[in-house]
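Student: Below you will find the structure I want to go over with you.
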Amino acid sequence: MSLLHRLDQRLRNRRRSPRFEVHYLGQIDLGREVELVNCIICDISETGARLAIGQDVPEEFMLVFKRRCVVRRRDDGEVAVEFIRA
């Protein structure tokens, strides 16, 4: 195992919540009546995400993503869904 791989593993283990590799299509809403900026959500967790983007973005923005879902369970006003892979 390389030194870089071990360092990367240590950094991942120190995160506040686990990250999941997803590769979802997302959009960045800059909130200034401009077109949404496309991005790829590379991984996501309860507290954050890693995005691949093709341009600069401001320090704060709205991340938007839609996923096609199928209902897997219905229970007392709640539903559990599974994302359908594209």
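By convention in this document, the chains of the structure tokens carry letters A, B, ... by their order, each chain's residues are numbered from 1, and ligands are numbered from 1 in the order they are shown.
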Quick one: pick out all strand (DSSP E) residues within chain A from a backbone DSSP run and write them as a PyMOL selection string.
Tutor: chain A and resi 20-29+37-44+49-53+62-64+69-75+78-83
Student: Write the residues of the selection above to a file with C-alpha atoms, as a compact mmCIF listing (two decimals), in the first residue's frame.
Tutor:
```txt
# COMPACT_ATOMS: atom_id res chain seq x y z
CA PHE A 20 -20.79 7.57 -0.24
CA GLU A 21 -19.61 7.59 -3.85
CA VAL A 22 -22.63 8.46 -5.99
CA HIS A 23 -21.83 10.27 -9.30
CA TYR A 24 -25.19 12.08 -9.48
CA LEU A 25 -25.93 14.90 -11.88
CA GLY A 26 -26.46 18.09 -9.89
CA GLN A 27 -26.90 21.77 -10.51
CA ILE A 28 -25.62 24.83 -8.72
CA ASP A 29 -28.10 27.68 -8.26
CA VAL A 37 -24.47 25.49 -13.43
CA ASN A 38 -24.19 21.75 -14.08
CA CYS A 39 -21.97 19.64 -11.86
CA ILE A 40 -21.36 16.03 -10.88
CA ILE A 41 -21.85 15.09 -7.23
CA CYS A 42 -18.91 12.71 -6.79
CA ASP A 43 -19.63 11.71 -3.22
CA ILE A 44 -22.08 12.77 -0.55
CA ALA A 49 -20.41 16.58 -0.77
CA ARG A 50 -17.58 16.65 -3.27
CA LEU A 51 -18.49 18.23 -6.61
CA ALA A 52 -16.83 18.22 -10.03
CA ILE A 53 -17.47 21.60 -11.64
CA MET A 62 -27.68 26.22 -3.44
CA LEU A 63 -26.94 22.67 -4.61
CA VAL A 64 -29.87 21.13 -6.47
CA CYS A 69 -37.04 7.13 -7.43
CA VAL A 70 -39.18 4.07 -6.89
CA VAL A 71 -41.16 3.60 -3.67
CA ARG A 72 -39.96 0.60 -1.68
CA ARG A 73 -42.07 1.01 1.46
CA ARG A 74 -45.02 3.10 2.65
CA ASP A 75 -45.67 3.56 6.34
CA GLU A 78 -43.65 8.27 5.12
CA VAL A 79 -42.14 6.50 2.14
CA ALA A 80 -38.81 4.79 1.67
CA VAL A 81 -37.41 5.21 -1.83
CA GLU A 82 -34.61 3.71 -3.84
CA PHE A 83 -32.81 5.79 -6.44
```
Student: Using the chain letters and numbers from this document, which residues of chain A does DSSP assign to helix (DSSP H, G or I), as an NGL selection string?
Tutor: :A and (3-13)
Student: May I have the residues from that selection written out with N, CA, C and O atoms, as a CSV table (one decimal), in the first residue's frame?
Tutor:
```
chain,number,residue,atom,x,y,z
A,3,LEU,N,2.2,5.2,0.3
A,3,LEU,CA,2.1,6.2,1.4
A,3,LEU,C,0.9,7.1,1.1
A,3,LEU,O,0.1,7.5,2.0
A,4,LEU,N,0.7,7.5,-0.1
A,4,LEU,CA,-0.4,8.4,-0.5
A,4,LEU,C,-1.8,7.8,-0.2
A,4,LEU,O,-2.7,8.4,0.3
A,5,HIS,N,-1.9,6.5,-0.5
A,5,HIS,CA,-3.1,5.7,-0.2
A,5,HIS,C,-3.4,5.7,1.3
A,5,HIS,O,-4.5,5.9,1.7
A,6,ARG,N,-2.4,5.4,2.1
A,6,ARG,CA,-2.6,5.4,3.5
A,6,ARG,C,-3.0,6.7,4.1
A,6,ARG,O,-3.8,6.8,5.0
A,7,LEU,N,-2.4,7.8,3.6
A,7,LEU,CA,-2.7,9.2,4.1
A,7,LEU,C,-4.2,9.5,3.7
A,7,LEU,O,-4.9,10.0,4.5
A,8,ASP,N,-4.6,9.1,2.5
A,8,ASP,CA,-5.9,9.3,2.0
A,8,ASP,C,-6.9,8.6,2.9
A,8,ASP,O,-7.9,9.1,3.3
A,9,GLN,N,-6.6,7.3,3.3
A,9,GLN,CA,-7.5,6.5,4.2
A,9,GLN,C,-7.6,7.2,5.5
A,9,GLN,O,-8.7,7.2,6.1
A,10,ARG,N,-6.5,7.7,6.1
A,10,ARG,CA,-6.5,8.4,7.4
A,10,ARG,C,-7.4,9.6,7.3
A,10,ARG,O,-8.2,9.9,8.3
A,11,LEU,N,-7.3,10.4,6.3
A,11,LEU,CA,-8.2,11.6,6.2
A,11,LEU,C,-9.6,11.2,6.0
A,11,LEU,O,-10.5,11.8,6.6
A,12,ARG,N,-9.9,10.2,5.3
A,12,ARG,CA,-11.3,9.7,5.2
A,12,ARG,C,-11.9,9.3,6.5
A,12,ARG,O,-13.0,9.5,6.8
A,13,ASN,N,-11.1,8.6,7.3
A,13,ASN,CA,-11.5,8.1,8.6
A,13,ASN,C,-11.8,9.2,9.6
A,13,ASN,O,-12.5,9.0,10.6
```
Student: Do you have the atom CA of A:Arg67-atom CA of A:Thr47 distance handy?
Tutor: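 Going from atom CA of A:Arg67 over to atom CA of A:Thr47 covers 19.0 Å.
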Student: Go ahead and compute the interatomic distance for atom CA of A:Val34 and atom CA of A:Lys66, in Å to one decimal.
Tutor: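 Interatomic distance here is 19.1 Å.
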